[in-house]
Each structure stands twice: as C-alpha cells, then as structure tokens.
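Q: One file is attached below, run16.pdb, containing PDB, C-alpha atoms, pLDDT in the B column.
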ATOM      1  CA  MET A1295     -10.657 134.993 151.373  1.00 37.00           C
ATOM      2  CA  HIS A1296     -12.752 137.735 152.942  1.00 38.00           C
ATOM      3  CA  LEU A1297     -14.044 140.350 150.518  1.00 38.00           C
ATOM      4  CA  ALA A1298     -15.160 143.562 152.194  1.00 38.00           C
ATOM      5  CA  ALA A1299     -16.795 145.114 149.123  1.00 38.00           C
ATOM      6  CA  TYR A1300     -17.389 144.427 145.466  1.00 34.00           C
ATOM      7  CA  ARG A1301     -17.527 147.202 142.907  1.00 37.00           C
ATOM      8  CA  LEU A1302     -19.667 146.973 139.798  1.00 38.00           C
ATOM      9  CA  ALA A1303     -16.569 147.391 137.662  1.00 40.00           C
ATOM     10  CA  GLY A1304     -15.491 143.991 138.904  1.00 42.00           C
ATOM     11  CA  SER A1305     -12.678 145.021 141.253  1.00 44.00           C
ATOM     12  CA  PHE A1306     -12.479 144.275 144.942  1.00 44.00           C
ATOM     13  CA  SER A1307     -11.882 146.852 147.646  1.00 47.00           C
ATOM     14  CA  GLN A1308     -11.869 147.031 151.411  1.00 50.00           C
ATOM     15  CA  LYS A1309     -13.365 149.726 153.584  1.00 54.00           C
ATOM     16  CA  GLY A1310     -11.603 150.760 156.773  1.00 59.00           C
ATOM     17  CA  PRO A1311      -7.888 150.372 157.494  1.00 63.00           C
ATOM     18  CA  ALA A1312      -5.663 149.637 154.516  1.00 67.00           C
ATOM     19  CA  MET A1313      -4.884 146.016 153.741  1.00 73.00           C
ATOM     20  CA  PRO A1314      -1.260 144.909 153.893  1.00 80.00           C
ATOM     21  CA  PHE A1315       0.437 144.360 150.558  1.00 88.00           C
ATOM     22  CA  PRO A1316      -0.505 140.853 149.329  1.00 90.00           C
ATOM     23  CA  ASP A1317       1.807 137.970 150.236  1.00 90.00           C
ATOM     24  CA  PHE A1318       2.716 137.360 146.583  1.00 92.00           C
ATOM     25  CA  PHE A1319       4.492 140.749 146.555  1.00 91.00           C
ATOM     26  CA  GLN A1320       7.202 139.069 148.659  1.00 90.00           C
ATOM     27  CA  ALA A1321       8.289 137.255 145.478  1.00 92.00           C
ATOM     28  CA  PHE A1322       9.146 140.623 143.886  1.00 95.00           C
ATOM     29  CA  PRO A1323      12.827 141.531 144.226  1.00 95.00           C
ATOM     30  CA  ALA A1324      13.957 143.928 146.923  1.00 96.00           C
ATOM     31  CA  LEU A1325      16.013 146.989 146.052  1.00 96.00           C
ATOM     32  CA  ASP A1326      19.409 148.131 147.227  1.00 94.00           C
ATOM     33  CA  VAL A1327      18.303 151.434 148.807  1.00 94.00           C
ATOM     34  CA  PRO A1328      20.546 153.595 151.042  1.00 93.00           C
ATOM     35  CA  PHE A1329      18.487 152.847 154.178  1.00 94.00           C
ATOM     36  CA  PRO A1330      18.578 149.841 156.557  1.00 94.00           C
ATOM     37  CA  ASP A1331      16.014 147.050 156.190  1.00 94.00           C
ATOM     38  CA  ASP A1332      14.635 147.777 159.667  1.00 96.00           C
ATOM     39  CA  VAL A1333      13.752 151.311 158.464  1.00 97.00           C
ATOM     40  CA  VAL A1334      12.254 150.600 155.038  1.00 96.00           C
ATOM     41  CA  GLY A1335      11.270 147.495 153.087  1.00 95.00           C
ATOM     42  CA  THR A1336      11.024 147.382 149.294  1.00 96.00           C
ATOM     43  CA  GLN A1337       9.514 145.130 146.649  1.00 96.00           C
ATOM     44  CA  ALA A1338       9.872 146.154 143.010  1.00 97.00           C
ATOM     45  CA  ILE A1339       8.774 145.512 139.462  1.00 96.00           C
ATOM     46  CA  ARG A1340      11.127 146.782 136.752  1.00 96.00           C
ATOM     47  CA  SER A1341      10.760 147.183 133.000  1.00 95.00           C
ATOM     48  CA  ASP A1342      12.888 148.955 130.427  1.00 95.00           C
ATOM     49  CA  GLN A1343      10.514 151.935 130.727  1.00 95.00           C
ATOM     50  CA  GLY A1344      10.460 152.415 134.512  1.00 96.00           C
ATOM     51  CA  LEU A1345      10.454 151.074 138.044  1.00 97.00           C
ATOM     52  CA  VAL A1346       7.463 150.438 140.345  1.00 97.00           C
ATOM     53  CA  VAL A1347       8.322 150.183 144.045  1.00 97.00           C
ATOM     54  CA  PHE A1348       6.163 149.126 146.977  1.00 97.00           C
ATOM     55  CA  PHE A1349       7.711 150.825 150.030  1.00 97.00           C
ATOM     56  CA  THR A1350       6.905 149.888 153.637  1.00 96.00           C
ATOM     57  CA  PHE A1351       8.374 152.229 156.261  1.00 97.00           C
ATOM     58  CA  HIS A1352       8.962 150.354 159.516  1.00 96.00           C
ATOM     59  CA  ARG A1353      10.326 153.358 161.411  1.00 97.00           C
ATOM     60  CA  ASP A1354      10.072 157.136 161.162  1.00 98.00           C
ATOM     61  CA  MET A1355      12.613 158.479 158.713  1.00 97.00           C
ATOM     62  CA  VAL A1356      13.793 161.645 157.033  1.00 97.00           C
ATOM     63  CA  LEU A1357      14.459 161.543 153.297  1.00 96.00           C
ATOM     64  CA  PRO A1358      16.972 164.330 152.538  1.00 96.00           C
ATOM     65  CA  MET A1359      16.346 166.754 149.665  1.00 97.00           C
ATOM     66  CA  HIS A1360      17.465 165.303 146.335  1.00 96.00           C
ATOM     67  CA  ALA A1361      16.488 165.215 142.643  1.00 97.00           C
ATOM     68  CA  HIS A1362      16.298 162.601 139.880  1.00 97.00           C
ATOM     69  CA  GLY A1363      14.034 161.660 136.952  1.00 97.00           C
ATOM     70  CA  ALA A1364      10.256 161.999 137.165  1.00 97.00           C
ATOM     71  CA  GLN A1365       8.403 160.186 139.960  1.00 97.00           C
ATOM     72  CA  TRP A1366       4.736 159.562 140.723  1.00 98.00           C
ATOM     73  CA  GLY A1367       3.456 158.024 143.941  1.00 97.00           C
ATOM     74  CA  ALA A1368       0.410 157.255 146.047  1.00 97.00           C
ATOM     75  CA  VAL A1369       0.069 156.848 149.802  1.00 97.00           C
ATOM     76  CA  ILE A1370      -1.634 153.588 150.743  1.00 95.00           C
ATOM     77  CA  GLU A1371      -1.336 153.904 154.518  1.00 96.00           C
ATOM     78  CA  GLY A1372       0.306 156.327 156.956  1.00 96.00           C
ATOM     79  CA  GLU A1373       1.534 159.859 156.427  1.00 97.00           C
ATOM     80  CA  ILE A1374       4.296 161.717 154.580  1.00 98.00           C
ATOM     81  CA  THR A1375       5.203 165.381 154.953  1.00 98.00           C
ATOM     82  CA  PHE A1376       6.630 166.006 151.494  1.00 96.00           C
ATOM     83  CA  THR A1377       8.501 169.045 150.239  1.00 97.00           C
ATOM     84  CA  ILE A1378       8.431 169.143 146.436  1.00 97.00           C
ATOM     85  CA  GLY A1379      10.198 172.204 145.106  1.00 97.00           C
ATOM     86  CA  ALA A1380       9.025 175.094 147.322  1.00 96.00           C
ATOM     87  CA  ASP A1381       5.729 173.393 148.316  1.00 97.00           C
ATOM     88  CA  THR A1382       5.387 171.411 151.569  1.00 98.00           C
ATOM     89  CA  ARG A1383       2.253 169.339 152.105  1.00 98.00           C
ATOM     90  CA  VAL A1384       1.046 166.387 154.198  1.00 98.00           C
ATOM     91  CA  TYR A1385      -0.004 163.337 152.181  1.00 98.00           C
ATOM     92  CA  ARG A1386      -2.313 160.673 153.639  1.00 97.00           C
ATOM     93  CA  PRO A1387      -3.984 157.502 152.313  1.00 95.00           C
ATOM     94  CA  GLY A1388      -5.514 158.095 148.897  1.00 94.00           C
ATOM     95  CA  ASP A1389      -3.308 161.114 148.155  1.00 97.00           C
ATOM     96  CA  SER A1390      -0.936 161.021 145.197  1.00 97.00           C
ATOM     97  CA  TYR A1391       1.996 163.188 144.186  1.00 97.00           C
ATOM     98  CA  SER A1392       3.888 163.884 141.001  1.00 97.00           C
ATOM     99  CA  ILE A1393       7.491 165.067 140.998  1.00 97.00           C
ATOM    100  CA  PRO A1394       8.797 166.424 137.688  1.00 97.00           C
ATOM    101  CA  GLU A1395      12.259 165.441 136.510  1.00 97.00           C
ATOM    102  CA  GLY A1396      15.035 167.407 138.231  1.00 97.00           C
ATOM    103  CA  VAL A1397      12.845 168.978 140.965  1.00 98.00           C
ATOM    104  CA  GLN A1398      14.348 168.905 144.476  1.00 98.00           C
ATOM    105  CA  HIS A1399      12.232 166.980 146.997  1.00 98.00           C
ATOM    106  CA  GLY A1400      12.494 165.433 150.451  1.00 98.00           C
ATOM    107  CA  ALA A1401      10.182 164.048 153.112  1.00 98.00           C
ATOM    108  CA  ARG A1402       9.476 163.132 156.711  1.00 98.00           C
ATOM    109  CA  ILE A1403       7.826 159.723 156.682  1.00 98.00           C
ATOM    110  CA  LYS A1404       5.990 158.190 159.640  1.00 98.00           C
ATOM    111  CA  ALA A1405       6.470 154.576 160.726  1.00 97.00           C
ATOM    112  CA  GLY A1406       3.757 152.328 159.285  1.00 96.00           C
ATOM    113  CA  THR A1407       3.522 154.297 156.031  1.00 97.00           C
ATOM    114  CA  ARG A1408       3.146 152.331 152.799  1.00 96.00           C
ATOM    115  CA  VAL A1409       3.429 153.899 149.362  1.00 97.00           C
ATOM    116  CA  VAL A1410       3.622 152.875 145.734  1.00 97.00           C
ATOM    117  CA  ASP A1411       6.139 154.924 143.755  1.00 98.00           C
ATOM    118  CA  VAL A1412       6.733 154.819 140.008  1.00 98.00           C
ATOM    119  CA  PHE A1413      10.088 156.094 138.776  1.00 97.00           C
ATOM    120  CA  GLN A1414      10.827 157.197 135.221  1.00 97.00           C
ATOM    121  CA  GLU A1415      14.345 155.812 135.632  1.00 96.00           C
ATOM    122  CA  ALA A1416      14.264 152.018 135.422  1.00 95.00           C
ATOM    123  CA  ASP A1417      17.662 151.909 137.125  1.00 94.00           C
ATOM    124  CA  ARG A1418      16.868 154.397 139.924  1.00 94.00           C
ATOM    125  CA  TYR A1419      17.785 151.717 142.485  1.00 93.00           C
ATOM    126  CA  PRO A1420      19.571 148.433 141.730  1.00 92.00           C
ATOM    127  CA  LEU A1421      17.796 145.160 142.368  1.00 92.00           C
ATOM    128  CA  ARG A1422      19.219 143.316 145.339  1.00 91.00           C
ATOM    129  CA  ALA A1423      21.122 140.157 144.425  1.00 71.00           C
TER     130      ALA A1423
END
Would you kindly transcribe this structure into structure tokens?

A:
Amino acid sequence: MHLAAYRLAGSFSQKGPAMPFPDFFQAFPALDVPFPDDVVGTQAIRSDQGLVVFFTFHRDMVLPMHAHGAQWGAVIEGEITFTIGADTRVYRPGDSYSIPEGVQHGARIKAGTRVVDVFQEADRYPLRA
C-alpha cells in the first residue's frame, strides 16, 4: 500500500489526483436509481436515520430539477454545475453543498465525477436486490 502523506491526526491522505473509491466499497449495495448503470454507478450505506451514497458518473448527465428531503454532499473528483433554489454554482473537488428539505435543485454533471451524498431520507432510493 502506497501512502502519499500522513497527517499528525493519524489519517492518511493523498496529494494530487483523487484516489478511486476503495475496492471494499464494491461490497456495499447498489441502488435502484432512475439512470442506466453505464451513466452512473452507486454504492450505499443505509441506516434508519439516513442514506450515504457514493456516486460515480461514467458519462455526462443532466439531473432534472426536483425536490426531496434534506441532502448534503461533497465533490471528490470532477465537476458539477448545480442549481439549488435560485443559485447556480460550479462545484469541484473539495467543495460541498447543502440542500434544505423541499428546495428545488438540478445539475449538469461531467463524466468522471465522483461525489458522496448524504440523504435525510433513508429510503430515498431502494437498495438493488
């Protein structure tokens, strides 16, 4: 295992391009999302209190405007042009966003983008069988 940097707090980090999600994430269940697998991949962790999703966007896509319970996310790699309410902004690696419950939002997402999203609604997307 190659370690690019060690922080005093005891965590490991890498400088330069983002690392892919670790292989063990593949054991997490995929979600039944309304997009084809060749467009977006998902791995999820669910509890009674919420849903954490690791999204990998394989192709450019447009996410139509919609609303649901609260959502927080962070861009790991790539770029998203997000409209949240009346505000449109470009999000890049290291940027995070918070979408309050019921607020309309949509996005243009570039191929190669990876994000971690946390949804207030544990049942936002069903786990794939």

Q: Quick one: distance from atom CA of Phe1348 of chain A to atom CA of Arg1408 of chain A in Å, one decimal?

A: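 That distance, rounded to one decimal, is 7.3 Å.
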
Q: Any idea what's packed within 9 Å of segment 1398-1402 of chain A, counting all atoms listed in the file, ignoring anything in its chain fewer than 3 positions away? Could you give it as a VMD selection string?

A: chain A and resid 1354 to 1362 1373 to 1380 1382 1393 1395

Q: Could you check which residues have any atom within 8 Å of (-2.3, 162.5, 142.3), counting only C-alpha atoms with coordinates taken straight from the file, and then list them as an MDAnalysis selection string?

A: chainID A and resid 1366:1368 1389:1392

Q: I'd like the interatomic distance between atom CA of Asp1417 of chain A and atom CA of Arg1340 of chain A, to a tenth of an Å.

A: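 Taking atom CA of Asp1417 of chain A and atom CA of Arg1340 of chain A, their separation equals 8.3 Å.
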
Q: Need the shell around segment 1322-1325 of chain A: protein/DNA/RNA residues with any atom at most 6 Å away, counting only C-alpha atoms. Skip same-chain ones fewer than 5 positions apart. Format as a list in words?

A: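 After dropping sequence-adjacent residues, the list is Thr1336, Gln1337, Ala1338, Pro1420, Leu1421 and Arg1422 of chain A.
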
Q: Would you export the selected residues with C-alpha atoms as a short mmCIF file (atom, residue, chain, number, x, y, z; two decimals), keeping the file's coordinate frame, please?

A:
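Below you can see selection17.cif, which holds the result:
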data_model
loop_
_atom_site.label_atom_id
_atom_site.label_comp_id
_atom_site.auth_asym_id
_atom_site.auth_seq_id
_atom_site.Cartn_x
_atom_site.Cartn_y
_atom_site.Cartn_z
CA THR A 1336 11.02 147.38 149.29
CA GLN A 1337 9.51 145.13 146.65
CA ALA A 1338 9.87 146.15 143.01
CA PRO A 1420 19.57 148.43 141.73
CA LEU A 1421 17.80 145.16 142.37
CA ARG A 1422 19.22 143.32 145.34
#

Q: What's the 7 Å shell around Ile1370 of chain A, counting all atoms listed in the file, without same-chain residues fewer than 3 positions away, as a PyMOL selection string?

A: chain A and resi 1312+1387-1388+1408-1409

Q: Name the closest residue to Gly1363 of chain A among the candidates A:Pro1314, A:Val1384, A:Ile1339, A:Val1412; distances are taken between atoms, counting only C-alpha atoms.

A: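 For Gly1363 of chain A, the nearest of the candidates is A:Val1412.
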
Q: Kindly indicate which residue among A:His1352, A:Gln1343, A:Asp1332, A:Glu1371 lies nearest to Phe1413 of chain A, using all atoms listed in the file for the distances.

A: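 Of A:His1352, A:Gln1343, A:Asp1332, A:Glu1371, the one nearest Phe1413 of chain A, counting all atoms listed in the file, is A:Gln1343.
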
Q: In Å, rounded to a single decimal, give me how far atom CA of Gln1414 of chain A is from atom CA of Arg1353 of chain A.

A: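 Result for atom CA of Arg1353 of chain A versus atom CA of Gln1414 of chain A: 26.5 Å, one decimal.
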
Q: With all atoms listed in the file as the basis for distance, which of A:Val1410, A:Pro1330, A:Ala1364, A:Val1397 is at the shortest distance from Val1346 of chain A?

A: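 Nearest to Val1346 of chain A: A:Val1410.
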
Q: Quick one: of A:Asp1342, A:Glu1415, A:Arg1386, A:Val1347, who's nearest to Asp1326 of chain A, counting only C-alpha atoms?

A: A:Val1347

Q: Restricting the calculation to all atoms listed in the file, which member of A:Val1369, A:Val1327, A:Ala1321, A:Leu1345 is positioned closest to Thr1407 of chain A?

A: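 For Thr1407 of chain A, the nearest of the given residues is A:Val1369.
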
Q: From the options A:Phe1351, A:Phe1315, A:Phe1329, A:Tyr1385, which residue's atoms come nearest to Ala1405 of chain A, counting all atoms listed in the file?

A: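 Between A:Phe1351, A:Phe1315, A:Phe1329, A:Tyr1385, the residue approaching Ala1405 of chain A most closely is A:Phe1351.
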